[in-house]
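K.L.:
Next up, my_file05.txt (compact mmCIF, C-alpha atoms).
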# COMPACT_ATOMS: atom_id res chain seq x y z
CA MET Z 297 38.75 -52.85 -40.81
CA LYS Z 298 42.08 -54.24 -42.02
CA ARG Z 299 42.09 -57.65 -43.66
CA GLU Z 300 45.31 -59.48 -44.37
CA LEU Z 301 45.30 -61.35 -47.66
CA THR Z 302 48.77 -62.86 -47.44
CA SER Z 303 47.84 -66.38 -46.36
CA GLY Z 304 45.40 -69.15 -47.32
CA SER Z 305 44.16 -70.07 -50.78
CA VAL Z 306 45.20 -67.54 -53.43
CA MET Z 307 42.15 -68.27 -55.59
CA LYS Z 308 39.79 -68.06 -52.62
CA ASN Z 309 41.25 -64.71 -51.57
CA LEU Z 310 40.96 -63.41 -55.13
CA LEU Z 311 37.32 -64.44 -55.45
CA PHE Z 312 36.43 -63.32 -51.93
CA PHE Z 313 37.99 -59.91 -52.44
CA SER Z 314 36.91 -59.34 -56.05
CA LEU Z 315 33.20 -60.18 -55.57
CA PRO Z 316 32.44 -57.02 -53.53
CA TYR Z 317 34.59 -55.14 -56.05
CA LEU Z 318 32.47 -56.57 -58.88
CA LEU Z 319 29.25 -55.63 -57.12
CA SER Z 320 30.63 -52.14 -56.47
CA PHE Z 321 31.51 -51.69 -60.14
CA PHE Z 322 28.09 -53.06 -61.11
CA LEU Z 323 26.35 -50.54 -58.87
CA GLN Z 324 28.62 -47.74 -60.06
CA THR Z 325 27.84 -48.62 -63.69
CA LEU Z 326 24.12 -48.90 -62.92
CA TYR Z 327 24.47 -45.53 -61.20
CA GLY Z 328 25.81 -44.04 -64.45
CA MET Z 329 23.35 -45.90 -66.68
CA ALA Z 330 20.36 -44.75 -64.63
CA ASP Z 331 20.67 -41.21 -65.97
CA LEU Z 332 20.51 -42.46 -69.57
CA LEU Z 333 17.71 -44.95 -68.91
CA ILE Z 334 15.50 -42.41 -67.17
CA ILE Z 335 16.22 -39.48 -69.50
CA GLY Z 336 15.34 -41.85 -72.35
CA GLN Z 337 11.93 -42.42 -70.77
CA PHE Z 338 11.04 -38.78 -70.18
CA GLY Z 339 13.23 -36.71 -72.51
CA SER Z 340 13.98 -36.22 -76.19
CA VAL Z 341 16.85 -37.58 -78.29
CA ALA Z 342 18.60 -34.23 -77.70
CA ASP Z 343 18.31 -34.76 -73.92
CA THR Z 344 19.64 -38.31 -74.25
CA THR Z 345 22.55 -37.02 -76.33
CA ALA Z 346 23.33 -34.29 -73.77
CA VAL Z 347 23.45 -36.81 -70.93
CA SER Z 348 25.42 -39.38 -72.95
CA VAL Z 349 28.06 -36.81 -73.96
CA GLY Z 350 28.22 -35.25 -70.49
CA SER Z 351 28.42 -38.61 -68.75
CA GLN Z 352 31.24 -39.68 -71.08
CA VAL Z 353 33.26 -36.61 -70.06
CA MET Z 354 32.54 -37.31 -66.38
CA HIS Z 355 33.42 -40.99 -66.81
CA MET Z 356 36.80 -40.02 -68.24
CA LEU Z 357 37.51 -37.76 -65.25
CA THR Z 358 36.30 -40.36 -62.74
CA VAL Z 359 38.40 -43.13 -64.30
CA MET Z 360 41.51 -40.95 -64.10
CA ILE Z 361 40.81 -40.07 -60.45
CA VAL Z 362 40.34 -43.78 -59.68
CA GLY Z 363 43.60 -44.57 -61.49
CA LEU Z 364 45.47 -41.92 -59.52
CA ALA Z 365 43.95 -43.28 -56.30
CA MET Z 366 45.44 -46.68 -57.16
CA GLY Z 367 48.74 -45.25 -55.92
CA ALA Z 368 47.18 -45.00 -52.47
CA THR Z 369 45.65 -48.49 -52.60
CA VAL Z 370 48.96 -50.13 -53.56
CA ASN Z 371 51.12 -48.26 -51.03
CA ILE Z 372 48.65 -48.75 -48.19
CA GLY Z 373 48.32 -52.41 -49.16
CA GLN Z 374 52.09 -52.89 -49.03
CA ALA Z 375 52.22 -51.22 -45.60
CA VAL Z 376 49.39 -53.41 -44.30
CA GLY Z 377 51.04 -56.53 -45.74
CA GLY Z 378 54.28 -55.55 -44.02
CA LYS Z 379 52.36 -54.92 -40.75
CA ASP Z 380 53.53 -51.28 -40.64
CA SER Z 381 50.55 -49.34 -39.22
CA ARG Z 382 52.49 -46.09 -38.97
CA LYS Z 383 53.38 -46.10 -42.66
CA ALA Z 384 49.79 -47.00 -43.59
CA ALA Z 385 48.55 -43.99 -41.60
CA LEU Z 386 51.11 -41.72 -43.29
CA PHE Z 387 50.03 -42.82 -46.76
CA THR Z 388 46.36 -42.40 -45.81
CA GLY Z 389 46.83 -38.89 -44.43
CA ASN Z 390 48.94 -37.71 -47.36
CA THR Z 391 46.41 -39.19 -49.80
CA VAL Z 392 43.60 -37.17 -48.22
CA THR Z 393 45.68 -33.97 -48.33
CA LEU Z 394 46.78 -34.53 -51.94
CA PHE Z 395 43.34 -35.31 -53.32
CA MET Z 396 41.55 -32.52 -51.46
CA GLY Z 397 43.82 -30.02 -53.20
CA LEU Z 398 43.38 -31.80 -56.52
CA SER Z 399 39.58 -31.81 -56.33
CA VAL Z 400 39.34 -28.08 -55.59
CA THR Z 401 41.72 -27.26 -58.46
CA LEU Z 402 39.86 -29.52 -60.90
CA THR Z 403 36.48 -28.06 -59.98
CA PHE Z 404 37.71 -24.49 -60.52
CA LEU Z 405 39.40 -25.21 -63.87
CA LEU Z 406 36.62 -27.34 -65.33
CA LEU Z 407 33.90 -24.84 -64.48
CA ILE Z 408 35.87 -22.20 -66.36
CA LEU Z 409 36.36 -24.54 -69.34
CA ARG Z 410 32.91 -26.17 -69.48
CA ASN Z 411 31.77 -24.36 -72.64
CA THR Z 412 35.10 -25.05 -74.32
CA ILE Z 413 34.81 -28.75 -73.47
CA VAL Z 414 31.29 -28.99 -74.89
CA SER Z 415 32.52 -27.34 -78.09
CA ALA Z 416 35.69 -29.46 -78.27
CA VAL Z 417 33.73 -32.73 -78.31
CA SER Z 418 31.57 -31.44 -81.18
CA THR Z 419 28.32 -31.73 -79.26
CA PRO Z 420 25.34 -31.43 -81.66
CA ALA Z 421 23.83 -27.93 -81.51
CA ASP Z 422 20.46 -29.18 -80.23
CA ALA Z 423 22.15 -30.89 -77.29
CA ALA Z 424 24.80 -28.27 -76.45
CA ALA Z 425 22.81 -26.29 -73.87
CA GLY Z 426 21.72 -29.45 -72.07
CA THR Z 427 25.30 -30.76 -72.03
CA VAL Z 428 26.58 -27.50 -70.50
CA ASP Z 429 23.90 -27.68 -67.80
CA TYR Z 430 24.77 -31.32 -67.08
CA LEU Z 431 28.51 -30.71 -66.85
CA THR Z 432 28.20 -27.53 -64.78
CA ILE Z 433 26.35 -29.34 -62.00
CA CYS Z 434 28.55 -32.45 -62.23
CA PHE Z 435 31.76 -30.39 -62.10
CA ILE Z 436 30.52 -28.80 -58.87
CA GLY Z 437 30.23 -32.34 -57.51
CA ILE Z 438 33.87 -33.30 -58.26
CA PRO Z 439 34.94 -32.96 -54.58
CA PHE Z 440 32.31 -35.59 -53.71
CA ILE Z 441 33.50 -37.93 -56.50
CA THR Z 442 37.08 -37.52 -55.29
CA ALA Z 443 36.19 -38.02 -51.62
CA TYR Z 444 34.27 -41.24 -52.32
CA ASN Z 445 37.05 -42.73 -54.44
CA ILE Z 446 39.78 -41.82 -51.96
CA ILE Z 447 37.92 -43.32 -49.01
CA SER Z 448 37.25 -46.45 -51.08
CA ALA Z 449 40.90 -46.66 -52.18
CA VAL Z 450 42.08 -46.54 -48.58
CA PHE Z 451 39.61 -49.20 -47.43
CA ARG Z 452 40.63 -51.49 -50.30
CA GLY Z 453 44.30 -51.00 -49.55
CA MET Z 454 43.51 -52.18 -46.03
CA GLY Z 455 41.90 -55.30 -47.48
CA ASP Z 456 38.28 -54.19 -47.06
CA SER Z 457 36.41 -54.35 -50.38
CA LYS Z 458 32.96 -54.60 -48.80
CA SER Z 459 32.59 -51.13 -47.30
CA PRO Z 460 32.97 -49.29 -50.66
CA MET Z 461 30.24 -51.57 -52.01
CA TYR Z 462 27.87 -50.35 -49.29
CA PHE Z 463 28.76 -46.71 -50.04
CA ILE Z 464 27.99 -47.01 -53.74
CA ALA Z 465 24.82 -49.04 -53.10
CA VAL Z 466 23.39 -46.13 -51.11
CA ALA Z 467 24.45 -43.68 -53.82
CA CYS Z 468 22.90 -45.82 -56.57
CA ALA Z 469 19.54 -46.07 -54.81
CA ALA Z 470 19.55 -42.33 -54.09
CA ASN Z 471 20.47 -41.50 -57.70
CA ILE Z 472 17.63 -43.55 -59.19
CA ALA Z 473 15.08 -42.01 -56.80
CA LEU Z 474 16.35 -38.48 -57.42
CA ASP Z 475 16.43 -39.00 -61.20
CA TYR Z 476 12.76 -39.93 -61.21
CA LEU Z 477 12.04 -36.87 -59.06
CA PHE Z 478 14.08 -34.33 -61.03
CA ILE Z 479 13.69 -35.76 -64.56
CA GLY Z 480 10.28 -37.42 -64.34
CA ALA Z 481 8.23 -35.41 -61.84
CA LEU Z 482 9.89 -31.99 -62.23
CA GLY Z 483 10.88 -32.26 -65.91
CA MET Z 484 14.35 -30.78 -65.39
CA GLY Z 485 15.96 -32.77 -68.23
CA PRO Z 486 19.78 -33.09 -68.30
CA ALA Z 487 20.16 -30.64 -65.41
CA GLY Z 488 17.93 -32.90 -63.31
CA ALA Z 489 20.04 -35.94 -64.18
CA ALA Z 490 23.20 -34.09 -63.10
CA LEU Z 491 21.60 -32.82 -59.90
CA GLY Z 492 20.48 -36.32 -58.96
CA THR Z 493 23.98 -37.65 -59.59
CA THR Z 494 25.70 -34.92 -57.59
CA LEU Z 495 23.38 -35.13 -54.59
CA SER Z 496 23.61 -38.93 -54.48
CA GLN Z 497 27.41 -38.68 -54.51
CA ALA Z 498 27.20 -36.33 -51.55
CA VAL Z 499 25.01 -38.86 -49.74
CA SER Z 500 27.55 -41.64 -50.37
CA VAL Z 501 30.36 -39.49 -48.95
CA VAL Z 502 28.36 -38.77 -45.79
CA ILE Z 503 27.67 -42.50 -45.34
CA SER Z 504 31.34 -43.36 -45.93
CA LEU Z 505 32.48 -40.79 -43.36
CA ILE Z 506 30.10 -42.34 -40.82
CA PHE Z 507 31.77 -45.71 -41.52
CA VAL Z 508 35.19 -44.11 -41.03
CA LYS Z 509 34.17 -42.68 -37.67
CA MET Z 510 32.54 -45.93 -36.51
CA ARG Z 511 35.63 -47.99 -37.38
CA LYS Z 512 38.03 -45.37 -36.05
CA THR Z 513 40.06 -45.45 -39.25
CA ASP Z 514 42.87 -42.87 -39.32
CA PHE Z 515 41.85 -40.45 -42.08
CA ALA Z 516 43.46 -37.42 -40.43
CA LEU Z 517 45.07 -34.87 -42.71
CA LYS Z 518 48.87 -35.02 -42.75
CA LYS Z 519 51.34 -32.30 -43.59
CA PRO Z 520 52.41 -33.06 -47.17
CA ASP Z 521 55.49 -35.29 -47.23
CA LYS Z 522 57.36 -35.17 -50.54
CA GLN Z 523 58.64 -38.73 -50.26
CA ILE Z 524 55.24 -40.21 -49.35
CA THR Z 525 53.38 -38.14 -51.95
CA GLY Z 526 56.01 -39.08 -54.53
CA LYS Z 527 55.42 -42.80 -53.91
CA ILE Z 528 51.66 -42.35 -54.32
CA LEU Z 529 52.11 -40.44 -57.58
CA LYS Z 530 54.79 -42.81 -58.89
CA ILE Z 531 52.18 -45.56 -59.09
CA GLY Z 532 49.03 -43.48 -59.50
CA VAL Z 533 50.10 -41.21 -62.36
CA PRO Z 534 51.00 -44.00 -64.85
CA VAL Z 535 47.73 -45.82 -64.07
CA ALA Z 536 45.74 -42.60 -64.46
CA MET Z 537 47.51 -41.85 -67.76
CA GLN Z 538 46.91 -45.37 -69.07
CA ASP Z 539 43.21 -45.20 -68.22
CA GLY Z 540 43.07 -41.62 -69.44
CA PHE Z 541 44.45 -42.52 -72.87
CA ILE Z 542 41.81 -45.24 -73.22
CA GLN Z 543 39.09 -42.75 -72.34
CA ILE Z 544 40.53 -40.17 -74.74
CA ALA Z 545 40.22 -42.79 -77.49
CA PHE Z 546 36.55 -43.22 -76.55
CA MET Z 547 36.13 -39.44 -76.58
CA VAL Z 548 37.54 -39.29 -80.12
CA ILE Z 549 34.89 -41.82 -81.16
CA THR Z 550 32.30 -39.66 -79.38
CA VAL Z 551 33.48 -36.57 -81.28
CA ILE Z 552 33.18 -38.39 -84.61
CA ALA Z 553 29.68 -39.59 -83.70
CA ASN Z 554 28.62 -36.12 -82.50
CA ARG Z 555 29.56 -34.66 -85.88
CA ARG Z 556 27.23 -37.15 -87.56
CA GLY Z 557 24.14 -35.88 -85.71
CA LEU Z 558 21.88 -36.64 -82.75
CA ASN Z 559 21.06 -40.26 -83.59
CA ASP Z 560 24.67 -41.36 -84.00
CA ALA Z 561 25.72 -39.37 -80.93
CA ALA Z 562 23.02 -40.99 -78.79
CA ALA Z 563 23.83 -44.45 -80.18
CA VAL Z 564 27.54 -44.23 -79.44
CA GLY Z 565 26.88 -42.88 -75.94
CA ILE Z 566 24.54 -45.80 -75.20
CA VAL Z 567 26.91 -48.43 -76.61
CA GLU Z 568 29.82 -47.06 -74.59
CA LYS Z 569 27.70 -47.42 -71.46
CA ILE Z 570 26.98 -51.05 -72.39
CA ILE Z 571 30.68 -51.70 -73.02
CA GLY Z 572 31.46 -50.20 -69.62
CA PHE Z 573 28.99 -52.65 -68.09
CA LEU Z 574 30.57 -55.61 -69.90
CA PHE Z 575 34.00 -54.60 -68.60
CA LEU Z 576 32.91 -55.08 -64.98
CA VAL Z 577 34.58 -58.46 -64.49
CA PRO Z 578 38.01 -57.52 -65.94
CA SER Z 579 37.87 -54.21 -64.07
CA SER Z 580 37.17 -55.97 -60.77
CA MET Z 581 40.02 -58.39 -61.46
CA LEU Z 582 42.39 -55.49 -62.18
CA SER Z 583 41.52 -53.74 -58.94
CA ALA Z 584 41.59 -56.92 -56.86
CA VAL Z 585 45.03 -57.86 -58.20
CA SER Z 586 46.33 -54.39 -57.29
CA ALA Z 587 45.23 -54.69 -53.68
CA LEU Z 588 46.08 -58.37 -53.16
CA GLY Z 589 49.36 -58.09 -55.02
CA ALA Z 590 50.38 -55.08 -52.94
CA GLN Z 591 49.72 -56.83 -49.63
CA ASN Z 592 51.64 -59.95 -50.69
CA ILE Z 593 54.59 -57.93 -51.99
CA GLY Z 594 54.59 -55.97 -48.73
CA ALA Z 595 54.66 -59.30 -46.87
CA GLN Z 596 57.62 -60.47 -49.02
CA LYS Z 597 55.51 -63.10 -50.79
CA PRO Z 598 55.95 -62.26 -54.50
CA GLU Z 599 55.00 -65.77 -55.64
CA ARG Z 600 51.48 -65.31 -54.21
CA ALA Z 601 51.23 -62.00 -56.08
CA ARG Z 602 52.19 -63.72 -59.35
CA LYS Z 603 49.61 -66.47 -58.79
CA THR Z 604 46.96 -63.84 -58.09
CA LEU Z 605 47.73 -62.17 -61.43
CA LEU Z 606 47.68 -65.46 -63.33
CA TYR Z 607 44.32 -66.56 -61.93
CA ALA Z 608 42.82 -63.13 -62.66
CA ILE Z 609 43.99 -63.26 -66.29
CA PHE Z 610 42.34 -66.64 -66.82
CA ILE Z 611 39.06 -65.48 -65.25
CA ALA Z 612 38.95 -62.23 -67.26
CA ALA Z 613 39.86 -63.90 -70.56
CA GLY Z 614 37.27 -66.65 -70.10
CA PHE Z 615 34.59 -64.10 -69.30
CA GLY Z 616 35.55 -61.95 -72.29
CA GLY Z 617 35.31 -64.81 -74.76
CA THR Z 618 31.91 -65.87 -73.44
CA VAL Z 619 30.47 -62.35 -73.56
CA ALA Z 620 31.80 -61.77 -77.09
CA VAL Z 621 29.68 -64.68 -78.33
CA ILE Z 622 26.54 -63.90 -76.31
CA MET Z 623 26.38 -60.22 -77.31
CA GLN Z 624 26.19 -61.12 -80.98
CA PHE Z 625 22.60 -62.14 -80.25
CA LEU Z 626 21.62 -59.64 -77.53
CA SER Z 627 23.04 -56.31 -78.73
CA GLY Z 628 19.81 -54.94 -80.23
CA GLY Z 629 17.78 -55.75 -77.14
CA ALA Z 630 20.41 -54.17 -74.90
CA VAL Z 631 20.35 -50.87 -76.81
CA SER Z 632 16.54 -50.78 -76.87
CA LEU Z 633 16.54 -50.54 -73.06
CA PHE Z 634 17.80 -46.97 -73.40
CA THR Z 635 15.70 -45.64 -76.28
CA ASP Z 636 12.69 -46.39 -78.44
CA SER Z 637 14.15 -44.55 -81.43
CA ALA Z 638 14.49 -47.02 -84.31
CA ALA Z 639 17.31 -44.94 -85.84
CA VAL Z 640 19.32 -44.94 -82.61
CA ILE Z 641 18.79 -48.67 -82.08
CA ARG Z 642 19.89 -49.42 -85.67
What would you get if you wrote out this structure as structure tokens?
P.N.:
Amino acid sequence: MKRELTSGSVMKNLLFFSLPYLLSFFLQTLYGMADLLIIGQFGSVADTTAVSVGSQVMHMLTVMIVGLAMGATVNIGQAVGGKDSRKAALFTGNTVTLFMGLSVTLTFLLLILRNTIVSAVSTPADAAAGTVDYLTICFIGIPFITAYNIISAVFRGMGDSKSPMYFIAVACAANIALDYLFIGALGMGPAGAALGTTLSQAVSVVISLIFVKMRKTDFALKKPDKQITGKILKIGVPVAMQDGFIQIAFMVITVIANRRGLNDAAAVGIVEKIIGFLFLVPSSMLSAVSALGAQNIGAQKPERARKTLLYAIFIAAGFGGTVAVIMQFLSGGAVSLFTDSAAVIR
């Protein structure tokens, strides 16, 4: 379903479009936090460390895939804003072709390098085997991660931010149920957490493909077009690199913590999850501005795009200042949700 966002109240469009985005990010973050919460209930500190380190690696990869997919969102949004259905279909088809190849390549390379990655991030010895198990299963699921994010990027470029929210809601519910099955009932530890995550991602892709078929959205593969692919990468690569550098900085912190032992490693992994949760509002603003700005630029309405950016900055900054004050009083309680270890909480 295409939704044009080039007329009416700029603030109303921003809030209307960003709310499903916010809920999607909330569910996606809850999805990632569920592994840590549940492994903390049934596993050891070593298990918690394995999942926290493994999930940080996966988060870095996912963020970079999402950043690269922004190239599709922006170009499709500009085509929709300019009422050019043919160009929108071309960008959609080339996006599917490009990312299918990327996901297969990434899966192959990362499976080969999984032990090297675990070593490179200085995973504590007691957690190394669990981290390898976690990453092995999650790397196998990369095609599902890629498929979900590409389908979501296309829908958002078309002005539909609600459908991706439904996809991730199904995945989140499935992940929590499967985590309790694999970690709690079957005692599979980090491998169970990864298996629950991977299977739930597969479920979300199946649901999203059903939506695609029902709405008759053109997701057909297209023969790679250098010009179209180049436009996608021209926007997507810088965004992916920007987000990637931020995640690399977090990984450096993770490496330092890992070298200090299990308690510090688990603590940093938990806090980074909490920070990711607190970044939901600015992240939803960023993504909403990308889609709304693209449609308005495509419709030759740059002033509306500038207003969208300005309103989003004010909302994100106001939220950030409020949270900075509140968390001074709630940080200990937030960390204790993930572990009962006094050393980790401290």
K.L.:
If you count all atoms listed in the file, which residues fall within 12 Å of Ile611 in chain Z, apart from same-chain ones fewer than 2 positions away, as JSON, numbers by chain?
P.N.:
{"Z": [307, 310, 311, 314, 577, 578, 579, 580, 581, 582, 585, 604, 605, 606, 607, 608, 609, 613, 614, 615, 616, 617, 618]}
K.L.:
Range 365-368 of chain Z, all listed atoms, 8 Å padding on each side: what axis-aligned box centre and edge lengths in Å to one decimal come out, as lines of an AutoDock Vina configuration file?
P.N.:
center_x = 46.3
center_y = -45.0
center_z = -54.8
size_x = 20.8
size_y = 19.4
size_z = 20.7
K.L.:
Could you tell me how far CA of Ile549 in chain Z lies from CA of Lys569 in chain Z, in Å and to one decimal?
P.N.:
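Rounded to one decimal, the two atoms are 13.3 Å apart.
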K.L.:
As an exercise, work out the distance from CA of Ile479 in chain Z to CA of Ile436 in chain Z in Å and give it to one decimal place.
P.N.:
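That distance, rounded to one decimal, is 19.1 Å.
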K.L.:
Which is closer to Tyr444 in chain Z than all the others in Z:Ile571, Z:Lys379, Z:Leu505, Z:Thr432, using all atoms listed in the file?
P.N.:
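Of Z:Ile571, Z:Lys379, Z:Leu505, Z:Thr432, the one nearest Tyr444 in chain Z is Z:Leu505, counting all atoms listed in the file.
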K.L.:
For the atom pair CA of Asn592 in chain Z and CA of Thr302 in chain Z, what is the interatomic distance in Å to one decimal place?
P.N.:
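Value for the CA of Asn592 in chain Z-CA of Thr302 in chain Z distance: 5.2 Å.
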K.L.:
Considering all atoms listed in the file, return as a VMD selection string whatever protein or nucleic-acid residues lie within 10 Å of range 381-392 of chain Z, sequence-local ones (same chain, fewer than 3 positions apart) excluded.
P.N.:
chain Z and resid 365 367 to 369 371 to 378 395 to 398 442 to 443 446 to 447 449 to 451 453 to 454 513 to 522 524 to 525 527 to 529
K.L.:
What's the 6 Å shell around range 460-477 of chain Z, counting all atoms listed in the file, without same-chain residues fewer than 2 positions away, as JSON, numbers by chain?
P.N.:
{"Z": [320, 327, 448, 458, 479, 480, 481, 489, 492, 493, 496, 497, 500, 504]}
K.L.:
Identify which of the residues Z:Met366, Z:Ile544, Z:Ile506, Z:Ala425 lies closest to Arg452 in chain Z, counting all atoms listed in the file when measuring atom-to-atom distances.
P.N.:
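The closest residue to Arg452 in chain Z is Z:Met366.
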K.L.:
Between Z:Leu495, Z:Ala346, Z:Ala587, Z:Ala424, single out the one closest to Asn309 in chain Z, counting only C-alpha atoms.
P.N.:
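For Asn309 in chain Z, the nearest of the candidates is Z:Ala587.
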K.L.:
For a quick check of understanding, using all atoms listed in the file, which of Z:Ser583, Z:Thr344, Z:Gln523, Z:Gln337 has the smallest distance to Phe313 in chain Z?
P.N.:
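With all atoms listed in the file as the atom set, the closest residue is Z:Ser583.
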